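Shown here: work-v7.cif, mmCIF, C-alpha atoms.
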data_upload
loop_
_atom_site.label_atom_id
_atom_site.label_comp_id
_atom_site.auth_asym_id
_atom_site.auth_seq_id
_atom_site.Cartn_x
_atom_site.Cartn_y
_atom_site.Cartn_z
CA MET A 1 -7.23 15.06 -12.71
CA THR A 2 -3.91 16.84 -12.49
CA ASP A 3 -1.23 16.25 -9.89
CA ARG A 4 -1.88 19.64 -8.34
CA ASN A 5 -5.57 18.84 -7.88
CA ASP A 6 -4.73 15.48 -6.31
CA THR A 7 -2.46 17.19 -3.81
CA ASP A 8 -4.96 19.94 -3.02
CA VAL A 9 -7.74 17.43 -2.42
CA LEU A 10 -5.44 15.38 -0.21
CA PHE A 11 -4.32 18.25 2.01
CA LYS A 12 -7.88 19.60 2.26
CA ALA A 13 -9.08 16.16 3.33
CA LEU A 14 -6.46 16.11 6.09
CA ALA A 15 -7.24 19.66 7.22
CA ASP A 16 -10.15 18.70 9.45
CA PRO A 17 -10.07 17.16 12.95
CA SER A 18 -13.11 14.91 12.39
CA ARG A 19 -11.62 13.47 9.22
CA ARG A 20 -8.28 12.90 10.96
CA LYS A 21 -10.17 11.17 13.75
CA LEU A 22 -11.87 8.92 11.19
CA LEU A 23 -8.43 7.97 9.83
CA ASP A 24 -7.24 7.20 13.38
CA LEU A 25 -10.33 5.06 13.99
CA LEU A 26 -9.65 3.08 10.83
CA TYR A 27 -5.98 2.77 11.72
CA ALA A 28 -6.99 1.24 15.08
CA HIS A 29 -9.46 -1.10 13.41
CA ASP A 30 -9.79 -1.33 9.67
CA GLY A 31 -12.77 -2.37 7.58
CA ARG A 32 -15.57 -0.65 9.55
CA THR A 33 -19.12 0.20 8.53
CA LEU A 34 -20.61 3.70 8.65
CA THR A 35 -22.66 2.71 11.72
CA GLU A 36 -19.57 1.55 13.61
CA LEU A 37 -17.73 4.77 12.75
CA CYS A 38 -20.70 6.94 13.79
CA GLU A 39 -20.54 5.51 17.34
CA HIS A 40 -17.21 7.26 17.86
CA LEU A 41 -18.12 10.69 16.52
CA ASP A 42 -20.45 13.24 18.04
CA MET A 43 -22.02 14.03 14.70
CA THR A 44 -25.03 13.11 12.54
CA ARG A 45 -24.82 10.07 10.28
CA GLN A 46 -25.09 12.44 7.33
CA GLY A 47 -22.14 14.46 8.60
CA VAL A 48 -19.97 11.38 8.94
CA THR A 49 -21.00 10.26 5.42
CA GLN A 50 -19.88 13.60 4.00
CA HIS A 51 -16.51 13.36 5.72
CA LEU A 52 -16.04 9.79 4.49
CA ASP A 53 -16.92 10.88 0.93
CA LEU A 54 -14.21 13.56 1.07
CA LEU A 55 -11.69 11.05 2.41
CA GLU A 56 -12.60 8.64 -0.35
CA ALA A 57 -12.29 11.37 -3.00
CA ALA A 58 -8.77 12.04 -1.67
CA ASN A 59 -8.11 8.28 -1.86
CA LEU A 60 -7.36 8.15 1.87
CA VAL A 61 -10.24 5.74 2.38
CA ALA A 62 -11.06 2.77 0.17
CA THR A 63 -14.46 1.10 0.35
CA VAL A 64 -15.40 -2.49 -0.30
CA ARG A 65 -18.92 -3.89 -0.58
CA SER A 66 -19.53 -6.94 1.54
CA GLY A 67 -23.10 -8.12 1.04
CA ARG A 68 -25.33 -5.22 2.04
CA GLU A 69 -22.56 -3.53 3.99
CA LYS A 70 -19.99 -1.04 2.82
CA LEU A 71 -16.68 -1.44 4.64
CA HIS A 72 -14.21 1.42 4.98
CA PHE A 73 -10.46 0.83 4.85
CA LEU A 74 -7.64 3.25 5.55
CA ASN A 75 -5.54 3.71 2.42
CA PRO A 76 -2.10 5.05 3.40
CA VAL A 77 -0.68 5.16 -0.15
CA PRO A 78 -1.27 8.94 -0.62
CA LEU A 79 0.34 9.55 2.81
CA GLN A 80 3.43 7.72 1.57
CA VAL A 81 3.49 10.08 -1.43
CA ILE A 82 3.30 13.09 0.95
CA TYR A 83 6.09 11.57 3.03
CA GLU A 84 8.34 11.22 -0.01
CA ARG A 85 7.47 14.63 -1.45
CA TRP A 86 7.39 16.71 1.75
CA ILE A 87 9.34 14.92 4.47
CA ALA A 88 11.98 12.45 3.30
CA LYS A 89 13.91 14.88 1.10
CA PHE A 90 14.04 17.53 3.84
CA GLU A 91 15.07 15.19 6.63
CA LYS A 92 17.78 13.43 4.65
CA PRO A 93 20.42 16.24 4.78
CA ARG A 94 19.76 16.73 8.52
CA LEU A 95 20.16 13.05 9.26
CA LYS A 96 23.36 13.09 7.25
CA ALA A 97 24.63 16.11 9.23
CA LEU A 98 23.80 14.39 12.54
CA ASP A 99 25.55 11.26 11.39
CA ASN A 100 28.68 13.25 10.41
CA LEU A 101 28.65 15.04 13.77
CA LYS A 102 28.37 11.75 15.65
CA ARG A 103 31.26 10.27 13.69
CA ARG A 104 33.47 13.31 14.33
CA LEU A 105 32.72 13.42 18.05
CA GLU A 106 33.28 9.71 18.48
CA LYS A 107 36.53 9.91 16.55
CA ASN A 108 37.77 12.69 18.86
CA ASN A 109 36.86 10.57 21.90
CA GLY A 110 38.97 7.69 20.64
CA MET B 111 -15.05 -12.02 11.96
CA ALA B 112 -11.63 -13.67 12.29
CA ARG B 113 -10.12 -12.05 9.28
CA SER B 114 -7.45 -9.41 8.67
CA THR B 115 -7.55 -7.39 5.49
CA PHE B 116 -5.99 -4.31 4.07
CA VAL B 117 -7.11 -2.54 0.93
CA TYR B 118 -4.68 -0.25 -0.82
CA VAL B 119 -5.62 1.88 -3.80
CA SER B 120 -3.51 3.91 -6.16
CA TYR B 121 -4.47 5.86 -9.27
CA ILE B 122 -1.69 5.61 -11.81
CA ARG B 123 -1.50 7.45 -15.12
CA THR B 124 -0.75 4.48 -17.35
CA THR B 125 -2.60 1.74 -19.24
CA PRO B 126 -3.91 -1.54 -17.78
CA GLU B 127 -1.51 -3.46 -20.05
CA LYS B 128 1.55 -1.51 -18.86
CA LEU B 129 0.49 -1.91 -15.24
CA TRP B 130 -0.04 -5.66 -15.67
CA SER B 131 3.39 -5.94 -17.22
CA ALA B 132 4.91 -3.89 -14.36
CA LEU B 133 3.37 -6.28 -11.82
CA THR B 134 4.60 -9.43 -13.57
CA ASP B 135 7.92 -8.56 -15.26
CA PRO B 136 10.81 -9.55 -12.91
CA GLU B 137 13.30 -7.00 -14.23
CA PHE B 138 10.82 -4.13 -14.09
CA MET B 139 9.67 -5.25 -10.65
CA LYS B 140 13.21 -5.08 -9.22
CA GLN B 141 13.30 -1.37 -10.04
CA TYR B 142 10.38 -0.40 -7.78
CA TRP B 143 10.38 -3.31 -5.26
CA PHE B 144 13.78 -2.55 -3.72
CA GLY B 145 15.47 -5.32 -5.72
CA VAL B 146 12.84 -7.98 -5.01
CA HIS B 147 11.31 -9.81 -7.97
CA ALA B 148 8.66 -12.50 -8.46
CA GLU B 149 8.97 -15.68 -10.47
CA SER B 150 5.89 -17.30 -12.00
CA GLU B 151 4.26 -18.35 -15.26
CA TRP B 152 1.38 -16.01 -14.22
CA THR B 153 -1.36 -18.47 -15.16
CA ALA B 154 -3.91 -20.00 -12.76
CA GLY B 155 -2.37 -22.93 -10.92
CA SER B 156 1.25 -22.02 -11.62
CA SER B 157 3.68 -21.62 -8.73
CA TRP B 158 4.75 -18.18 -7.59
CA LYS B 159 7.54 -16.83 -5.40
CA ASN B 160 9.07 -13.53 -4.33
CA VAL B 161 12.87 -13.56 -4.39
CA SER B 162 15.22 -11.14 -2.59
CA PRO B 163 18.24 -9.52 -4.33
CA GLN B 164 20.39 -12.13 -2.54
CA GLY B 165 18.31 -14.98 -3.99
CA GLN B 166 16.41 -15.79 -0.79
CA ILE B 167 12.79 -16.89 -1.19
CA LEU B 168 10.73 -14.36 0.75
CA ASP B 169 7.20 -15.52 -0.04
CA ALA B 170 5.84 -18.47 -2.01
CA GLY B 171 2.50 -19.84 -3.17
CA GLU B 172 0.54 -20.10 -6.38
CA ILE B 173 -1.51 -18.10 -8.81
CA VAL B 174 -5.18 -18.60 -7.98
CA GLU B 175 -6.60 -16.37 -10.70
CA ALA B 176 -4.99 -14.63 -13.67
CA ASP B 177 -7.07 -12.48 -16.00
CA PRO B 178 -4.66 -10.12 -17.77
CA PRO B 179 -4.79 -7.13 -17.64
CA ARG B 180 -7.57 -6.99 -15.06
CA ARG B 181 -7.17 -9.32 -12.09
CA LEU B 182 -4.44 -11.34 -10.43
CA VAL B 183 -4.93 -13.38 -7.25
CA ILE B 184 -1.98 -14.95 -5.47
CA ARG B 185 -2.03 -17.50 -2.63
CA TRP B 186 0.79 -16.07 -0.58
CA GLN B 187 2.73 -17.56 2.32
CA ASN B 188 5.72 -15.94 3.96
CA GLN B 189 8.82 -18.15 3.84
CA PHE B 190 11.58 -16.37 5.73
CA LYS B 191 10.13 -15.35 9.09
CA PRO B 192 8.95 -18.33 11.20
CA GLU B 193 6.33 -16.29 13.08
CA LEU B 194 4.80 -15.16 9.77
CA LYS B 195 5.15 -18.49 7.98
CA VAL B 196 3.24 -20.26 10.75
CA GLU B 197 0.19 -18.11 9.96
CA GLY B 198 -0.14 -20.01 6.67
CA ASP B 199 -1.72 -18.85 3.44
CA SER B 200 -2.97 -15.38 2.73
CA LEU B 201 -4.66 -14.15 -0.44
CA CYS B 202 -3.40 -11.15 -2.36
CA ALA B 203 -5.72 -9.82 -5.06
CA MET B 204 -4.60 -7.14 -7.50
CA ASP B 205 -7.39 -5.49 -9.45
CA ILE B 206 -6.79 -3.15 -12.36
CA ALA B 207 -9.59 -0.92 -13.69
CA ILE B 208 -9.70 2.15 -15.91
CA SER B 209 -10.75 5.24 -13.98
CA GLY B 210 -10.99 8.38 -16.10
CA SER B 211 -7.56 9.14 -17.56
CA ALA B 212 -5.83 6.88 -15.03
CA VAL B 213 -5.79 3.26 -14.00
CA LYS B 214 -7.01 2.27 -10.55
CA LEU B 215 -4.90 -0.39 -8.87
CA THR B 216 -6.52 -2.04 -5.85
CA ILE B 217 -4.49 -4.42 -3.73
CA THR B 218 -6.50 -6.46 -1.24
CA HIS B 219 -4.48 -8.69 1.05
CA THR B 220 -6.46 -10.99 3.36
CA ILE B 221 -5.74 -13.75 5.86
CA GLU B 222 -8.32 -15.73 7.79
CA ARG B 223 -7.10 -14.74 11.23
CA ASP B 224 -7.16 -11.64 13.42
CA PRO B 225 -4.79 -10.27 14.51
CA SER B 226 -2.23 -11.26 11.90
CA LYS B 227 1.49 -10.53 12.01
CA LEU B 228 1.71 -11.20 8.29
CA ILE B 229 -0.89 -8.55 7.45
CA GLU B 230 0.84 -6.15 9.83
CA ALA B 231 4.18 -6.81 8.12
CA VAL B 232 3.00 -6.54 4.52
CA SER B 233 0.81 -3.52 5.26
CA GLY B 234 3.94 -1.54 6.10
CA GLY B 235 5.74 -2.53 2.92
CA TRP B 236 3.06 -2.16 0.28
CA PRO B 237 2.62 1.66 0.39
CA LYS B 238 6.33 2.17 -0.38
CA VAL B 239 6.23 -0.37 -3.19
CA ILE B 240 3.03 1.05 -4.73
CA SER B 241 4.31 4.61 -4.43
CA ASN B 242 7.54 3.64 -6.21
CA LEU B 243 5.59 1.77 -8.89
CA LYS B 244 3.36 4.82 -9.51
CA SER B 245 6.36 7.10 -9.73
CA LEU B 246 8.24 4.76 -12.08
CA LEU B 247 5.28 4.35 -14.45
CA GLU B 248 4.38 8.04 -14.48
CA SER B 249 7.77 9.73 -14.48
CA GLY B 250 10.24 7.00 -15.37
CA SER B 251 12.06 7.20 -12.04
CA ILE B 252 11.42 5.77 -8.60
CA ALA B 253 10.63 7.83 -5.51
CA MET B 254 12.83 5.94 -3.04
CA GLU B 255 15.98 3.87 -3.56
CA GLU B 256 15.68 2.07 -0.25
CA PRO B 257 12.71 1.17 1.94
CA TYR B 258 14.14 3.32 4.75
CA PRO B 259 16.19 6.42 3.82
CA ASN B 260 19.77 6.47 5.12
#

Starting from the file, give its structure as C-alpha cells.
Amino acid sequence: MTDRNDTDVLFKALADPSRRKLLDLLYAHDGRTLTELCEHLDMTRQGVTQHLDLLEAANLVATVRSGREKLHFLNPVPLQVIYERWIAKFEKPRLKALDNLKRRLEKNNG
Amino acid sequence: MARSTFVYVSYIRTTPEKLWSALTDPEFMKQYWFGVHAESEWTAGSSWKNVSPQGQILDAGEIVEADPPRRLVIRWQNQFKPELKVEGDSLCAMDIAISGSAVKLTITHTIERDPSKLIEAVSGGWPKVISNLKSLLESGSIAMEEPYPN
C-alpha cells in the first residue's frame, strides 16, 4: 500500500454521512457490537457491515474479538495524521499573525 | 461491563525489531514522545516508569508480559495527577504484527472502571505519540515538535 492509497481510502471513508455517524456513535461509546450500532442507523444489517468494513479498511475502526462478539473501536490515529498534514501547518501562520497583532495592539494600549 | 478501553492501530513501514526498539529505547522515545522517556529492564516482572523531560515520574508500574518483538504489556498507574492516580492500575498492551509490507502496531489500554478519567486522558495523548512515532520511523523526522502547536 502506498501513502497516496492510504490517504485516498481514508478520505473516501470519511466522505459518507452514515460512516461519519458510525464514527460519532463510537466516539460517544466505544467498543460496540454490530447489533448495537445497527439500532442507531436506519439501514439493513448488511449495509452497516459494509460501512464498517470500509471504515476498518481505512483504519478508522479497529475490531477486537471478545468471545463470540466482535467489538468496534474508534481509531483516531489516521485523523491525527490528517490534522498534521492538512490542518496544523495551515493554521500555524495564522495563529502566529493573530498573536503578533494582539501583542502590537496591547503594546499601543500601554 | 465496568471497563474502559481504547484500541489504537497504526500501520508503520518498518520491521517488528525496529518498532520494538523504538518503543523501549529511552533516547529514541524522547524524540517522538515530546521529551518523555520510559525506564525499565523490559522483562516480565521488572519495574517500569514514564519520566518527563524535567525528571518527574508521570506513570509507574511493572512489565506484565514481554515477548520481543511481538507483545509488551505494562501495568500502568498515573503518578502525577491525584484524580487519575486514585483510579489505580490500568493495563497497556502493545502488539506488533507483520501486515503486508508494513507492521501493525495495536495499543490497547484498559482499566476496570467506566467512566475513567485516566483512559480519557491517555486517549487524547496516544494518537499524537503514535503519529510522531510512525513519522519518525518512516521518514526520519517527527510530525509535531510539541503536543499542541504554538

Q: Determine which residues of chain A sit within 9 Å of chain B, taking into account all atoms listed in the file, and present them as a list in words.
A: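 The answer, sorted by residue number, is Met1, Asp30, Gly31, Asn59, Leu60, Val61, Ala62, Thr63, Val64, Phe73, Leu74, Asn75, Pro76, Val77, Pro78, Leu79, Gln80, Val81, Glu84, Arg85, Ala88, Lys92, Leu95 and Lys96 of chain A.
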
Store the residues picked out above in a file with C-alpha atoms, as a compact mmCIF listing (two decimals), in the coordinates of the input.
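out-v8.txt, freshly written:
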# COMPACT_ATOMS: atom_id res chain seq x y z
CA MET A 1 -7.23 15.06 -12.71
CA ASP A 30 -9.79 -1.33 9.67
CA GLY A 31 -12.77 -2.37 7.58
CA ASN A 59 -8.11 8.28 -1.86
CA LEU A 60 -7.36 8.15 1.87
CA VAL A 61 -10.24 5.74 2.38
CA ALA A 62 -11.06 2.77 0.17
CA THR A 63 -14.46 1.10 0.35
CA VAL A 64 -15.40 -2.49 -0.30
CA PHE A 73 -10.46 0.83 4.85
CA LEU A 74 -7.64 3.25 5.55
CA ASN A 75 -5.54 3.71 2.42
CA PRO A 76 -2.10 5.05 3.40
CA VAL A 77 -0.68 5.16 -0.15
CA PRO A 78 -1.27 8.94 -0.62
CA LEU A 79 0.34 9.55 2.81
CA GLN A 80 3.43 7.72 1.57
CA VAL A 81 3.49 10.08 -1.43
CA GLU A 84 8.34 11.22 -0.01
CA ARG A 85 7.47 14.63 -1.45
CA ALA A 88 11.98 12.45 3.30
CA LYS A 92 17.78 13.43 4.65
CA LEU A 95 20.16 13.05 9.26
CA LYS A 96 23.36 13.09 7.25

Q | Separation of CA of Pro136 in chain B from CA of Leu182 in chain B, in Å and rounded to one decimal | A | 15.6 Å

Q) How far is it from CA of Val146 in chain B to CA of Arg180 in chain B, in Å with one decimal? A) 22.8 Å

Q: Tell me which residues the PyMOL selection byres ((chain B and resi 156-164) around 10) grabs here, as a PyMOL selection string.
A: chain B and resi 136+140+143-155+165-176+184-189

Q) Looking at only C-alpha atoms, which of B:Met204, B:Ile229, B:Ile252, B:Leu247 is the one that sits closest to Lys128 in chain B? A)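 Using only C-alpha atoms, Lys128 in chain B sits closest to B:Leu247.
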
Q: Can you turn the PyMOL selection byres ((chain A and resi 32) around 10) into a concrete residue list for this file, as a PyMOL selection string?
A: chain A and resi 25-26+29-31+33-37+63+69-74

(Q) I'd like the interatomic distance between CA of Glu193 in chain B and CA of Ala28 in chain A, to a tenth of an Å. (A)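 Spanning CA of Glu193 in chain B to CA of Ala28 in chain A is a straight-line distance of 22.1 Å.
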
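Nearest residue to Glu230 in chain B among A:Ser66, A:Tyr27, A:Asp42, A:Glu56 is A:Tyr27, counting all atoms listed in the file.
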
Residues within 10 Å of (-2.4, -20.1, 6.9), file coords, all atoms listed in the file, listed as a CSV table (one decimal) with C-alpha atoms, keeping the file's coordinate frame:
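Final output, saved to selection.csv:
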chain,number,residue,atom,x,y,z
B,185,ARG,CA,-2.0,-17.5,-2.6
B,186,TRP,CA,0.8,-16.1,-0.6
B,187,GLN,CA,2.7,-17.6,2.3
B,188,ASN,CA,5.7,-15.9,4.0
B,194,LEU,CA,4.8,-15.2,9.8
B,195,LYS,CA,5.2,-18.5,8.0
B,196,VAL,CA,3.2,-20.3,10.8
B,197,GLU,CA,0.2,-18.1,10.0
B,198,GLY,CA,-0.1,-20.0,6.7
B,199,ASP,CA,-1.7,-18.8,3.4
B,200,SER,CA,-3.0,-15.4,2.7
B,201,LEU,CA,-4.7,-14.2,-0.4
B,221,ILE,CA,-5.7,-13.8,5.9
B,222,GLU,CA,-8.3,-15.7,7.8
B,223,ARG,CA,-7.1,-14.7,11.2
B,228,LEU,CA,1.7,-11.2,8.3
